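Participant: Here you go, this is start10.cif (mmCIF, C-alpha atoms and all ligand atoms; chains and numbers go by the auth columns).
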data_data
loop_
_atom_site.group_PDB
_atom_site.id
_atom_site.type_symbol
_atom_site.label_atom_id
_atom_site.label_comp_id
_atom_site.label_asym_id
_atom_site.label_seq_id
_atom_site.Cartn_x
_atom_site.Cartn_y
_atom_site.Cartn_z
_atom_site.B_iso_or_equiv
_atom_site.auth_seq_id
_atom_site.auth_asym_id
ATOM 1 C CA MET A 1 -11.264 -8.280 -0.105 0.00 30 A
ATOM 2 C CA LYS A 2 -11.365 -9.520 -3.666 0.00 31 A
ATOM 3 C CA GLN A 3 -8.697 -11.147 -5.750 0.00 32 A
ATOM 4 C CA VAL A 4 -7.581 -9.031 -8.705 0.00 33 A
ATOM 5 C CA ALA A 5 -5.573 -11.549 -10.722 0.00 34 A
ATOM 6 C CA GLN A 6 -8.350 -12.186 -13.226 0.00 35 A
ATOM 7 C CA LYS A 7 -8.543 -12.658 -16.970 0.00 36 A
ATOM 8 C CA PRO A 8 -9.024 -9.269 -18.709 0.00 37 A
ATOM 9 C CA GLY A 9 -12.369 -10.291 -20.325 0.00 38 A
ATOM 10 C CA ARG A 10 -14.074 -8.307 -23.118 0.00 39 A
ATOM 11 C CA ILE A 11 -12.278 -5.227 -24.308 0.00 40 A
ATOM 12 C CA LYS A 12 -13.563 -1.806 -23.234 0.00 41 A
ATOM 13 C CA THR A 13 -12.375 1.457 -24.717 0.00 42 A
ATOM 14 C CA LEU A 14 -12.097 4.551 -22.585 0.00 43 A
ATOM 15 C CA LYS A 15 -10.127 7.769 -22.198 0.00 44 A
ATOM 16 C CA ILE A 16 -7.528 8.400 -19.520 0.00 45 A
ATOM 17 C CA ASP A 17 -6.220 11.970 -19.383 0.00 46 A
ATOM 18 C CA GLY A 18 -7.481 12.515 -22.918 0.00 47 A
ATOM 19 C CA ARG A 19 -5.726 9.436 -24.304 0.00 48 A
ATOM 20 C CA ASP A 20 -7.710 6.666 -26.002 0.00 49 A
ATOM 21 C CA VAL A 21 -6.892 3.409 -24.204 0.00 50 A
ATOM 22 C CA ALA A 22 -8.323 -0.097 -24.031 0.00 51 A
ATOM 23 C CA GLY A 23 -8.634 -2.514 -21.144 0.00 52 A
ATOM 24 C CA GLY A 24 -10.398 -5.752 -20.289 0.00 53 A
ATOM 25 C CA GLU A 25 -13.797 -5.560 -18.567 0.00 54 A
ATOM 26 C CA ASN A 26 -12.312 -7.249 -15.476 0.00 55 A
ATOM 27 C CA GLN A 27 -9.478 -4.787 -15.181 0.00 56 A
ATOM 28 C CA VAL A 28 -9.462 -1.852 -12.819 0.00 57 A
ATOM 29 C CA ILE A 29 -8.586 1.677 -13.943 0.00 58 A
ATOM 30 C CA LEU A 30 -5.211 1.552 -12.170 0.00 59 A
ATOM 31 C CA ASP A 31 -4.056 -1.549 -14.065 0.00 60 A
ATOM 32 C CA VAL A 32 -5.052 -0.084 -17.422 0.00 61 A
ATOM 33 C CA ALA A 33 -3.378 3.234 -16.573 0.00 62 A
ATOM 34 C CA ARG A 34 -0.158 1.416 -15.655 0.00 63 A
ATOM 35 C CA GLU A 35 -0.253 -0.604 -18.868 0.00 64 A
ATOM 36 C CA HIS A 36 -0.224 2.742 -20.668 0.00 65 A
ATOM 37 C CA ASN A 37 2.501 4.261 -18.471 0.00 66 A
ATOM 38 C CA ILE A 38 0.108 6.700 -16.796 0.00 67 A
ATOM 39 C CA PHE A 39 1.197 7.345 -13.210 0.00 68 A
ATOM 40 C CA ILE A 40 -1.331 7.109 -10.386 0.00 69 A
ATOM 41 C CA PRO A 41 0.106 7.142 -6.832 0.00 70 A
ATOM 42 C CA THR A 42 -0.622 4.063 -4.696 0.00 71 A
ATOM 43 C CA LEU A 43 0.346 2.777 -1.296 0.00 72 A
ATOM 44 C CA CYS A 44 -1.910 -0.099 -0.271 0.00 73 A
ATOM 45 C CA TYR A 45 -2.334 -1.614 -3.731 0.00 74 A
ATOM 46 C CA ILE A 46 -0.026 -4.413 -4.896 0.00 75 A
ATOM 47 C CA GLU A 47 -0.764 -6.166 -8.157 0.00 76 A
ATOM 48 C CA GLY A 48 -1.461 -9.835 -7.488 0.00 77 A
ATOM 49 C CA LEU A 49 -2.756 -9.405 -3.943 0.00 78 A
ATOM 50 C CA SER A 50 -6.340 -8.904 -2.824 0.00 79 A
ATOM 51 C CA VAL A 51 -7.375 -5.247 -2.777 0.00 80 A
ATOM 52 C CA SER A 52 -7.876 -3.168 0.344 0.00 81 A
ATOM 53 C CA GLY A 53 -8.767 0.246 -1.114 0.00 82 A
ATOM 54 C CA GLY A 54 -7.778 1.836 2.174 0.00 83 A
ATOM 55 C CA CYS A 55 -5.108 4.445 1.480 0.00 84 A
ATOM 56 C CA ARG A 56 -7.172 6.555 -0.965 0.00 85 A
ATOM 57 C CA LEU A 57 -4.050 7.834 -2.703 0.00 86 A
ATOM 58 C CA CYS A 58 -5.102 6.336 -6.030 0.00 87 A
ATOM 59 C CA LEU A 59 -8.318 8.337 -6.368 0.00 88 A
ATOM 60 C CA VAL A 60 -9.231 9.579 -9.843 0.00 89 A
ATOM 61 C CA GLU A 61 -11.962 11.744 -11.327 0.00 90 A
ATOM 62 C CA ILE A 62 -14.510 10.288 -13.729 0.00 91 A
ATOM 63 C CA THR A 63 -16.732 12.498 -15.860 0.00 92 A
ATOM 64 C CA GLY A 64 -20.330 12.339 -14.612 0.00 93 A
ATOM 65 C CA ILE A 65 -19.428 11.011 -11.136 0.00 94 A
ATOM 66 C CA PRO A 66 -19.246 13.815 -8.539 0.00 95 A
ATOM 67 C CA LYS A 67 -17.156 11.939 -5.963 0.00 96 A
ATOM 68 C CA LEU A 68 -13.555 10.825 -6.431 0.00 97 A
ATOM 69 C CA VAL A 69 -13.213 7.068 -6.926 0.00 98 A
ATOM 70 C CA PRO A 70 -10.349 4.690 -6.087 0.00 99 A
ATOM 71 C CA SER A 71 -8.726 3.515 -9.303 0.00 100 A
ATOM 72 C CA CYS A 72 -7.527 0.281 -7.670 0.00 101 A
ATOM 73 C CA THR A 73 -11.071 -0.963 -7.056 0.00 102 A
ATOM 74 C CA THR A 74 -13.035 0.583 -9.946 0.00 103 A
ATOM 75 C CA ARG A 75 -13.387 -1.472 -13.107 0.00 104 A
ATOM 76 C CA VAL A 76 -13.139 0.125 -16.499 0.00 105 A
ATOM 77 C CA GLU A 77 -16.352 0.836 -18.404 0.00 106 A
ATOM 78 C CA GLU A 78 -16.958 1.478 -22.071 0.00 107 A
ATOM 79 C CA GLY A 79 -16.752 5.196 -22.862 0.00 108 A
ATOM 80 C CA MET A 80 -15.463 6.137 -19.407 0.00 109 A
ATOM 81 C CA GLU A 81 -13.540 9.420 -19.229 0.00 110 A
ATOM 82 C CA VAL A 82 -10.944 9.300 -16.441 0.00 111 A
ATOM 83 C CA PHE A 83 -8.676 12.060 -15.145 0.00 112 A
ATOM 84 C CA THR A 84 -5.671 11.163 -12.999 0.00 113 A
ATOM 85 C CA ASP A 85 -3.926 14.491 -12.439 0.00 114 A
ATOM 86 C CA THR A 86 -6.264 17.403 -11.735 0.00 115 A
ATOM 87 C CA GLU A 87 -5.900 20.240 -9.232 0.00 116 A
ATOM 88 C CA ARG A 88 -8.611 18.665 -7.061 0.00 117 A
ATOM 89 C CA LEU A 89 -6.784 15.308 -7.041 0.00 118 A
ATOM 90 C CA ARG A 90 -3.421 16.870 -6.305 0.00 119 A
ATOM 91 C CA LYS A 91 -4.883 18.673 -3.277 0.00 120 A
ATOM 92 C CA TYR A 92 -6.651 15.585 -2.005 0.00 121 A
ATOM 93 C CA ARG A 93 -3.602 13.319 -2.399 0.00 122 A
ATOM 94 C CA MET A 94 -1.375 15.803 -0.617 0.00 123 A
ATOM 95 C CA MET A 95 -3.839 15.938 2.264 0.00 124 A
ATOM 96 C CA MET A 96 -3.942 12.111 2.511 0.00 125 A
ATOM 97 C CA LEU A 97 -0.169 11.894 2.397 0.00 126 A
ATOM 98 C CA GLU A 98 0.314 14.548 5.061 0.00 127 A
ATOM 99 C CA LEU A 99 -2.232 12.834 7.290 0.00 128 A
ATOM 100 C CA ILE A 100 -0.316 9.543 7.009 0.00 129 A
ATOM 101 C CA PHE A 101 2.879 11.309 8.077 0.00 130 A
ATOM 102 C CA SER A 102 1.208 13.162 10.942 0.00 131 A
ATOM 103 C CA GLU A 103 -0.501 10.054 12.340 0.00 132 A
ATOM 104 C CA ARG A 104 2.660 8.151 13.399 0.00 133 A
ATOM 105 C CA ASN A 105 6.314 8.962 14.122 0.00 134 A
ATOM 106 C CA HIS A 106 8.082 9.142 10.775 0.00 135 A
ATOM 107 C CA VAL A 107 11.573 10.387 11.511 0.00 136 A
ATOM 108 C CA CYS A 108 13.337 9.432 8.297 0.00 137 A
ATOM 109 C CA SER A 109 16.846 10.325 9.430 0.00 138 A
ATOM 110 C CA VAL A 110 16.853 7.501 12.013 0.00 139 A
ATOM 111 C CA CYS A 111 14.746 4.971 10.112 0.00 140 A
ATOM 112 C CA VAL A 112 15.990 1.607 8.821 0.00 141 A
ATOM 113 C CA SER A 113 14.238 2.330 5.515 0.00 142 A
ATOM 114 C CA ASN A 114 15.553 5.838 4.947 0.00 143 A
ATOM 115 C CA ARG A 115 16.165 6.255 1.183 0.00 144 A
ATOM 116 C CA ASN A 116 14.483 2.881 0.503 0.00 145 A
ATOM 117 C CA CYS A 117 10.941 3.719 1.525 0.00 146 A
ATOM 118 C CA GLU A 118 7.880 3.876 -0.722 0.00 147 A
ATOM 119 C CA LEU A 119 6.180 6.436 1.518 0.00 148 A
ATOM 120 C CA GLN A 120 9.223 8.687 1.437 0.00 149 A
ATOM 121 C CA SER A 121 9.497 8.291 -2.362 0.00 150 A
ATOM 122 C CA LEU A 122 5.833 9.123 -2.760 0.00 151 A
ATOM 123 C CA ALA A 123 6.246 12.275 -0.680 0.00 152 A
ATOM 124 C CA ARG A 124 9.171 13.287 -2.872 0.00 153 A
ATOM 125 C CA ARG A 125 7.371 12.526 -6.108 0.00 154 A
ATOM 126 C CA LEU A 126 4.195 14.369 -5.100 0.00 155 A
ATOM 127 C CA GLY A 127 6.215 17.381 -3.921 0.00 156 A
ATOM 128 C CA MET A 128 5.410 17.257 -0.212 0.00 157 A
ATOM 129 C CA THR A 129 7.519 19.896 1.538 0.00 158 A
ATOM 130 C CA HIS A 130 5.966 19.902 5.020 0.00 159 A
ATOM 131 C CA VAL A 131 2.977 18.625 6.997 0.00 160 A
ATOM 132 C CA ARG A 132 0.204 21.143 7.665 0.00 161 A
ATOM 133 C CA TYR A 133 -1.524 19.024 10.316 0.00 162 A
ATOM 134 C CA PRO A 134 -0.478 18.661 13.953 0.00 163 A
ATOM 135 C CA TYR A 135 1.657 15.578 14.560 0.00 164 A
ATOM 136 C CA ARG A 136 -0.004 13.116 16.910 0.00 165 A
ATOM 137 C CA TYR A 137 3.277 11.727 18.325 0.00 166 A
ATOM 138 C CA PRO A 138 1.651 8.504 19.558 0.00 167 A
ATOM 139 C CA LYS A 139 3.662 6.339 21.941 0.00 168 A
ATOM 140 C CA LEU A 140 3.894 3.093 19.992 0.00 169 A
ATOM 141 C CA GLN A 141 5.835 -0.073 20.598 0.00 170 A
ATOM 142 C CA VAL A 142 8.472 -1.984 18.703 0.00 171 A
ATOM 143 C CA ASP A 143 7.869 -5.733 18.855 0.00 172 A
ATOM 144 C CA ALA A 144 11.272 -7.414 18.503 0.00 173 A
ATOM 145 C CA SER A 145 10.205 -10.785 19.937 0.00 174 A
ATOM 146 C CA HIS A 146 10.648 -12.630 16.605 0.00 175 A
ATOM 147 C CA ASN A 147 14.119 -14.102 16.152 0.00 176 A
ATOM 148 C CA LYS A 148 14.561 -12.708 12.596 0.00 177 A
ATOM 149 C CA PHE A 149 12.233 -9.735 12.192 0.00 178 A
ATOM 150 C CA ALA A 150 10.702 -6.811 14.081 0.00 179 A
ATOM 151 C CA ILE A 151 7.778 -4.424 13.678 0.00 180 A
ATOM 152 C CA ASP A 152 8.039 -0.759 14.564 0.00 181 A
ATOM 153 C CA HIS A 153 4.449 0.444 14.816 0.00 182 A
ATOM 154 C CA ASN A 154 5.718 4.028 14.644 0.00 183 A
ATOM 155 C CA ARG A 155 6.387 3.567 10.904 0.00 184 A
ATOM 156 C CA CYS A 156 3.251 1.578 10.037 0.00 185 A
ATOM 157 C CA THR A 157 0.803 3.103 7.553 0.00 186 A
ATOM 158 C CA LEU A 158 -1.855 0.406 8.120 0.00 187 A
ATOM 159 C CA CYS A 159 -1.749 -0.420 4.438 0.00 188 A
ATOM 160 C CA THR A 160 -2.393 -4.127 5.328 0.00 189 A
ATOM 161 C CA ARG A 161 -0.056 -5.397 2.624 0.00 190 A
ATOM 162 C CA CYS A 162 1.559 -7.639 5.276 0.00 191 A
ATOM 163 C CA SER A 163 -1.692 -9.341 6.224 0.00 192 A
ATOM 164 C CA ARG A 164 -2.756 -9.771 2.600 0.00 193 A
ATOM 165 C CA ILE A 165 0.478 -11.388 1.444 0.00 194 A
ATOM 166 C CA CYS A 166 0.499 -13.575 4.563 0.00 195 A
ATOM 167 C CA HIS A 167 -3.084 -14.641 3.812 0.00 196 A
ATOM 168 C CA ASP A 168 -3.115 -14.737 0.004 0.00 197 A
ATOM 169 C CA ILE A 169 0.336 -16.132 -0.772 0.00 198 A
ATOM 170 C CA GLU A 170 1.797 -17.775 2.333 0.00 199 A
ATOM 171 C CA GLY A 171 -1.547 -18.993 3.711 0.00 200 A
ATOM 172 C CA ALA A 172 -0.371 -18.468 7.269 0.00 201 A
ATOM 173 C CA HIS A 173 -2.953 -15.810 8.322 0.00 202 A
ATOM 174 C CA THR A 174 -0.622 -14.462 10.994 0.00 203 A
ATOM 175 C CA TRP A 175 -1.336 -10.737 10.529 0.00 204 A
ATOM 176 C CA SER A 176 -4.598 -8.915 11.105 0.00 205 A
ATOM 177 C CA THR A 177 -5.753 -5.572 12.473 0.00 206 A
ATOM 178 C CA MET A 178 -7.123 -4.626 15.864 0.00 207 A
ATOM 179 C CA GLY A 179 -8.836 -1.479 17.100 0.00 208 A
ATOM 180 C CA ARG A 180 -10.460 1.403 15.240 0.00 209 A
ATOM 181 C CA GLY A 181 -9.411 4.847 14.118 0.00 210 A
ATOM 182 C CA ILE A 182 -6.273 6.089 15.849 0.00 211 A
ATOM 183 C CA ASN A 183 -6.148 2.879 17.911 0.00 212 A
ATOM 184 C CA ASN A 184 -5.908 0.686 14.823 0.00 213 A
ATOM 185 C CA ARG A 185 -2.848 -1.615 14.963 0.00 214 A
ATOM 186 C CA MET A 186 -1.419 -4.522 13.047 0.00 215 A
ATOM 187 C CA ILE A 187 -1.322 -7.614 15.265 0.00 216 A
ATOM 188 C CA THR A 188 0.018 -11.160 15.005 0.00 217 A
ATOM 189 C CA ASP A 189 -2.253 -14.093 15.869 0.00 218 A
ATOM 190 C CA LEU A 190 -4.619 -12.990 18.638 0.00 219 A
ATOM 191 C CA ASN A 191 -2.404 -10.057 19.642 0.00 220 A
ATOM 192 C CA GLN A 192 0.434 -12.325 20.745 0.00 221 A
ATOM 193 C CA PRO A 193 4.025 -11.101 20.526 0.00 222 A
ATOM 194 C CA TRP A 194 5.230 -11.936 17.003 0.00 223 A
ATOM 195 C CA GLY A 195 7.893 -14.311 18.333 0.00 224 A
ATOM 196 C CA GLU A 196 5.275 -16.343 20.193 0.00 225 A
ATOM 197 C CA THR A 197 2.828 -16.876 17.333 0.00 226 A
ATOM 198 C CA GLU A 198 2.038 -20.407 16.239 0.00 227 A
ATOM 199 C CA THR A 199 1.177 -19.491 12.652 0.00 228 A
ATOM 200 C CA CYS A 200 4.195 -17.448 11.465 0.00 229 A
ATOM 201 C CA THR A 201 6.438 -19.498 9.156 0.00 230 A
ATOM 202 C CA SER A 202 9.251 -16.889 9.250 0.00 231 A
ATOM 203 C CA CYS A 203 9.085 -16.667 5.436 0.00 232 A
ATOM 204 C CA GLY A 204 9.710 -12.898 5.456 0.00 233 A
ATOM 205 C CA LYS A 205 7.141 -12.124 2.731 0.00 234 A
ATOM 206 C CA CYS A 206 5.441 -9.515 4.916 0.00 235 A
ATOM 207 C CA VAL A 207 8.765 -7.813 5.604 0.00 236 A
ATOM 208 C CA ASN A 208 9.605 -7.518 1.930 0.00 237 A
ATOM 209 C CA ILE A 209 6.198 -6.238 0.863 0.00 238 A
ATOM 210 C CA CYS A 210 5.968 -3.594 3.631 0.00 239 A
ATOM 211 C CA PRO A 211 6.360 -0.175 1.960 0.00 240 A
ATOM 212 C CA THR A 212 8.040 1.508 4.927 0.00 241 A
ATOM 213 C CA GLY A 213 10.435 0.819 7.767 0.00 242 A
ATOM 214 C CA ALA A 214 7.657 -0.711 9.874 0.00 243 A
ATOM 215 C CA LEU A 215 8.690 -4.309 9.169 0.00 244 A
ATOM 216 C CA PHE A 216 12.391 -4.976 9.036 0.00 245 A
ATOM 217 C CA GLU A 217 15.060 -7.612 9.487 0.00 246 A
ATOM 218 C CA LYS A 218 16.791 -7.560 12.824 0.00 247 A
ATOM 219 C CA GLY A 219 20.352 -6.297 12.673 0.00 248 A
ATOM 220 C CA LYS A 220 19.617 -3.643 10.040 0.00 249 A
ATOM 221 C CA SER A 221 20.619 -0.158 11.018 0.00 250 A
ATOM 222 C CA VAL A 222 19.614 3.286 9.673 0.00 251 A
ATOM 223 C CA ALA A 223 18.999 3.195 5.897 0.00 252 A
ATOM 224 C CA GLU A 224 20.108 -0.457 5.629 0.00 253 A
ATOM 225 C CA MET A 225 16.746 -2.139 5.087 0.00 254 A
ATOM 226 C CA VAL A 226 16.098 -2.692 1.384 0.00 255 A
ATOM 227 C CA LYS A 227 12.826 -4.451 0.549 0.00 256 A
ATOM 228 C CA LYS A 228 12.275 -6.869 -2.317 0.00 257 A
ATOM 229 C CA PRO A 229 8.640 -6.325 -3.400 0.00 258 A
ATOM 230 C CA LYS A 230 9.508 -7.281 -6.973 0.00 259 A
ATOM 231 C CA SER A 231 9.736 -10.958 -5.925 0.00 260 A
ATOM 232 C CA LEU A 232 5.923 -11.077 -5.773 0.00 261 A
ATOM 233 C CA PRO A 233 5.349 -11.879 -9.491 0.00 262 A
ATOM 234 C CA TYR A 234 7.744 -14.822 -9.088 0.00 263 A
ATOM 235 C CA LEU A 235 5.883 -16.046 -6.001 0.00 264 A
ATOM 236 C CA LEU A 236 2.567 -15.797 -7.833 0.00 265 A
ATOM 237 C CA HIS A 237 3.962 -17.677 -10.805 0.00 266 A
ATOM 238 C CA THR A 238 5.323 -20.549 -8.693 0.00 267 A
ATOM 239 C CA ARG A 239 2.012 -20.712 -6.810 0.00 268 A
ATOM 240 C CA GLU A 240 0.038 -21.009 -10.064 0.00 269 A
ATOM 241 C CA GLU A 241 2.438 -23.719 -11.288 0.00 270 A
ATOM 242 C CA SER A 242 2.096 -25.855 -8.161 0.00 271 A
HETATM 243 S S1 LIG B . 9.034 4.634 7.168 0.00 1 B
HETATM 244 FE FE1 LIG B . 9.673 5.912 5.436 0.00 1 B
HETATM 245 S S2 LIG B . 8.653 7.853 5.780 0.00 1 B
HETATM 246 FE FE2 LIG B . 8.602 6.729 7.704 0.00 1 B
HETATM 247 S S3 LIG B . 10.406 7.380 8.825 0.00 1 B
HETATM 248 FE FE3 LIG B . 10.989 5.591 7.672 0.00 1 B
HETATM 249 S S4 LIG B . 11.851 6.384 5.752 0.00 1 B
HETATM 250 FE FE4 LIG B . 10.678 8.020 6.691 0.00 1 B
HETATM 251 S S1 LIG B . 3.498 -3.261 8.879 0.00 2 B
HETATM 252 FE FE1 LIG B . 4.069 -2.449 6.834 0.00 2 B
HETATM 253 S S2 LIG B . 2.866 -3.718 5.392 0.00 2 B
HETATM 254 FE FE2 LIG B . 1.971 -3.994 7.418 0.00 2 B
HETATM 255 S S3 LIG B . 0.316 -2.491 7.519 0.00 2 B
HETATM 256 FE FE3 LIG B . 2.142 -1.541 8.439 0.00 2 B
HETATM 257 S S4 LIG B . 3.109 -0.430 6.748 0.00 2 B
HETATM 258 FE FE4 LIG B . 1.676 -1.873 5.822 0.00 2 B
HETATM 259 S S1 LIG B . -3.914 2.238 -3.784 0.00 3 B
HETATM 260 FE FE1 LIG B . -6.027 2.414 -4.129 0.00 3 B
HETATM 261 S S2 LIG B . -6.830 2.861 -2.172 0.00 3 B
HETATM 262 FE FE2 LIG B . -4.694 2.505 -1.799 0.00 3 B
#
Would you encode the structure as structure tokens?
Facilitator:
Amino acid sequence: MKQVAQKPGRIKTLKIDGRDVAGGENQVILDVAREHNIFIPTLCYIEGLSVSGGCRLCLVEITGIPKLVPSCTTRVEEGMEVFTDTERLRKYRMMMLELIFSERNHVCSVCVSNRNCELQSLARRLGMTHVRYPYRYPKLQVDASHNKFAIDHNRCTLCTRCSRICHDIEGAHTWSTMGRGINNRMITDLNQPWGETETCTSCGKCVNICPTGALFEKGKSVAEMVKKPKSLPYLLHTREES
């Protein structure tokens, strides 16, 4: 994982969706697109945290490169011609989104994050009407051993935002992943119950950066969990100051 909060560097000029734009040589396509109000869907990416590049929702097309590339990990180049909204991309993103929904048990009507969920918003924005793939219906646990928070693995997208904010900002290194493929899970310490970990500081940063109802505060009922991801720039600022 690499840190993205870097100085922009020398200016590069490129085209995004036919528009002439400029960005620093250390910037990735996604950052430059956002600076110019060009929408690219994302799930795992959070500005200011290290980059995972895992969700593949931010893929773009670049003239001369046959494969789709993730805009959150690809730096801008002089003369680059980027496309963010083609038929091929729309199909691919819809497939990725539907696969995320089919992999776990996303039942929005009984979820703590209903109406306050980035995954749900993304599905709405991209026009997802149904899932074409068979649901896996895995039997996954809820770990409610922590005195303030809980994790419902049924809602987890494996975006790893929780582990990156815990590592990059809090420095606690509580979260990591275990297992491969469909057995991949977020774990605390060496797969201890969250409430028994020695590293968790109970700061709640992971809960607030989680895009779905996977991490939540205990006591919240259906649709009551509202996250505060916008506090991250403040946290980064205070960290740089100290
Ligand atoms: S996490 Fe989001 S998408 Fe999943 S069930 Fe909850 S509201 Fe729906
Ligand atoms: S618990 Fe939330 S932040 Fe962590 S990987 Fe799952 S969805 Fe992402
Ligand atoms: S946002 Fe780029 S791969 Fe997830």
Participant: Name all residues at most 12 Å from stretch 130-137 of chain A (count only C-alpha atoms; drop same-chain ones fewer than 5 positions away) and give them as an MDAnalysis selection string.
Facilitator: chainID A and resid 123:125 142:152 157:170 181:187 210:214 241:243 251:252
Participant: Choose the residue, out of A:Arg122, A:His202, A:Lys41, A:Arg209, that has the smallest atom-to-atom separation from ligand LIG 3 (chain B); count all atoms listed in the file.
Facilitator: A:Arg122
Participant: Suppose you want the space between atom CA of A:His196 and atom CA of A:Thr228; what is it in Å?
Facilitator: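 According to the coordinates, atom CA of A:His196 and atom CA of A:Thr228 are separated by 10.9 Å.
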Participant: Evaluate the PyMOL selection byres (((chain A and resi 226) around 12) and not hetatm) on the structure here and hand back the selected residues as a ChimeraX atom specification.
Facilitator: /A:174-176,201-204,216-225,227-231
Participant: Need to verify the contact set: A:Leu43, 7 Å, all atoms listed in the file, exclusion of same-chain residues closer than 2 positions in sequence. Can you return it as a list in words?
Facilitator: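 Neighbouring residues, sequence-local ones excluded: Lys41, Ile45, Asp49, Val50, Ala51, Glu107, Gly108, Met109 and Glu110 of chain A.
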Participant: To one decimal place, how far is atom CA of A:Val141 from atom S3 of ligand LIG 1 (chain B) in Å?
Facilitator: 8.0 Å
Participant: Smallest atom-to-atom distance to ligand LIG 3 (chain B): which of A:Phe245, A:Phe112, A:Phe68, A:Tyr74, using all atoms listed in the file?
Facilitator: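 Checking each candidate against ligand LIG 3 (chain B), we get A:Tyr74 as the closest.
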Participant: Quick one: pull the distance between atom CA of A:Cys195 and atom CA of A:Pro37, Å, one decimal.
Facilitator: 25.5 Å
Participant: Would you compute the box with edges along x, y and z of the file around ligand LIG 2 (chain B), including every atom the file lists for it and 8 Å extra on each side, and give its centre and edge lengths in Å to one decimal, as lines of an AutoDock Vina configuration file?
Facilitator:
center_x = 2.2
center_y = -2.2
center_z = 7.1
size_x = 19.8
size_y = 19.6
size_z = 19.5
Participant: Considering all atoms listed in the file, state which residue in the set A:Val80, A:Leu155, A:Cys73, A:Val105 is at the smallest distance from A:Val57.
Facilitator: A:Val105
Participant: Starting from the shown file, work through the PyMOL selection byres (((chain A and resi 234) around 9) and not hetatm) and note down what comes out as a list in words.
Facilitator: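 Applied to this file, the PyMOL selection byres (((chain A and resi 234) around 9) and not hetatm) returns Cys191, Ile194, Cys195, Ile198, Glu199, Ser231, Cys232, Gly233, Cys235, Val236, Asn237, Ile238, Cys239, Lys257, Pro258 and Leu261 of chain A.
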Participant: Show me which residues are within 8 Å of ligand LIG 3 (chain B) counting all atoms listed in the file, and format the list as number ranges by chain.
Facilitator: A: 70-75, 80-88, 99-102, 188
Participant: With only C-alpha atoms and all ligand atoms as the basis for distance, which of A:Ala179, A:Leu265, A:Leu78, A:Leu126 is at the shortest distance from ligand LIG 1 (chain B)?
Facilitator: A:Leu126
Participant: Can you work out which one of A:Thr103, A:Ser205, A:Asn55, A:Ser250 has the shortest atom-to-atom distance to ligand LIG 2 (chain B), counting only C-alpha atoms and all ligand atoms?
Facilitator: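 Looking only at the distances to ligand LIG 2 (chain B), the closest residue turns out to be A:Ser205.
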Participant: From the block you just saw, export stretch 36-45 of chain A: N, CA, C and O atoms, as a CSV table (one decimal), in the first residue's frame.
Facilitator:
chain,number,residue,atom,x,y,z
A,36,LYS,N,3.0,15.8,-2.6
A,36,LYS,CA,2.9,17.1,-3.3
A,36,LYS,C,2.6,16.8,-4.8
A,36,LYS,O,3.0,15.8,-5.4
A,37,PRO,N,1.8,17.7,-5.5
A,37,PRO,CA,1.4,17.4,-6.9
A,37,PRO,C,2.6,17.2,-7.8
A,37,PRO,O,2.6,16.4,-8.8
A,38,GLY,N,3.7,17.9,-7.6
A,38,GLY,CA,4.9,17.8,-8.5
A,38,GLY,C,4.7,18.6,-9.8
A,38,GLY,O,3.8,19.5,-9.9
A,39,ARG,N,5.5,18.3,-10.9
A,39,ARG,CA,5.4,19.0,-12.1
A,39,ARG,C,4.0,18.8,-12.8
A,39,ARG,O,3.4,17.8,-12.7
A,40,ILE,N,3.6,19.8,-13.5
A,40,ILE,CA,2.2,19.8,-14.1
A,40,ILE,C,2.2,19.0,-15.4
A,40,ILE,O,3.1,19.1,-16.2
A,41,LYS,N,1.2,18.2,-15.5
A,41,LYS,CA,1.0,17.4,-16.7
A,41,LYS,C,-0.4,17.8,-17.3
A,41,LYS,O,-1.3,18.0,-16.5
A,42,THR,N,-0.4,17.9,-18.6
A,42,THR,CA,-1.7,18.2,-19.2
A,42,THR,C,-2.3,16.9,-19.9
A,42,THR,O,-1.5,16.2,-20.5
A,43,LEU,N,-3.5,16.7,-19.8
A,43,LEU,CA,-4.2,15.5,-20.3
A,43,LEU,C,-5.6,15.8,-20.6
A,43,LEU,O,-6.1,16.9,-20.4
A,44,LYS,N,-6.3,14.8,-21.2
A,44,LYS,CA,-7.7,15.0,-21.5
A,44,LYS,C,-8.5,14.0,-20.7
A,44,LYS,O,-8.1,12.8,-20.7
A,45,ILE,N,-9.6,14.4,-20.1
A,45,ILE,CA,-10.5,13.5,-19.4
A,45,ILE,C,-11.9,13.7,-20.0
A,45,ILE,O,-12.4,14.9,-20.0
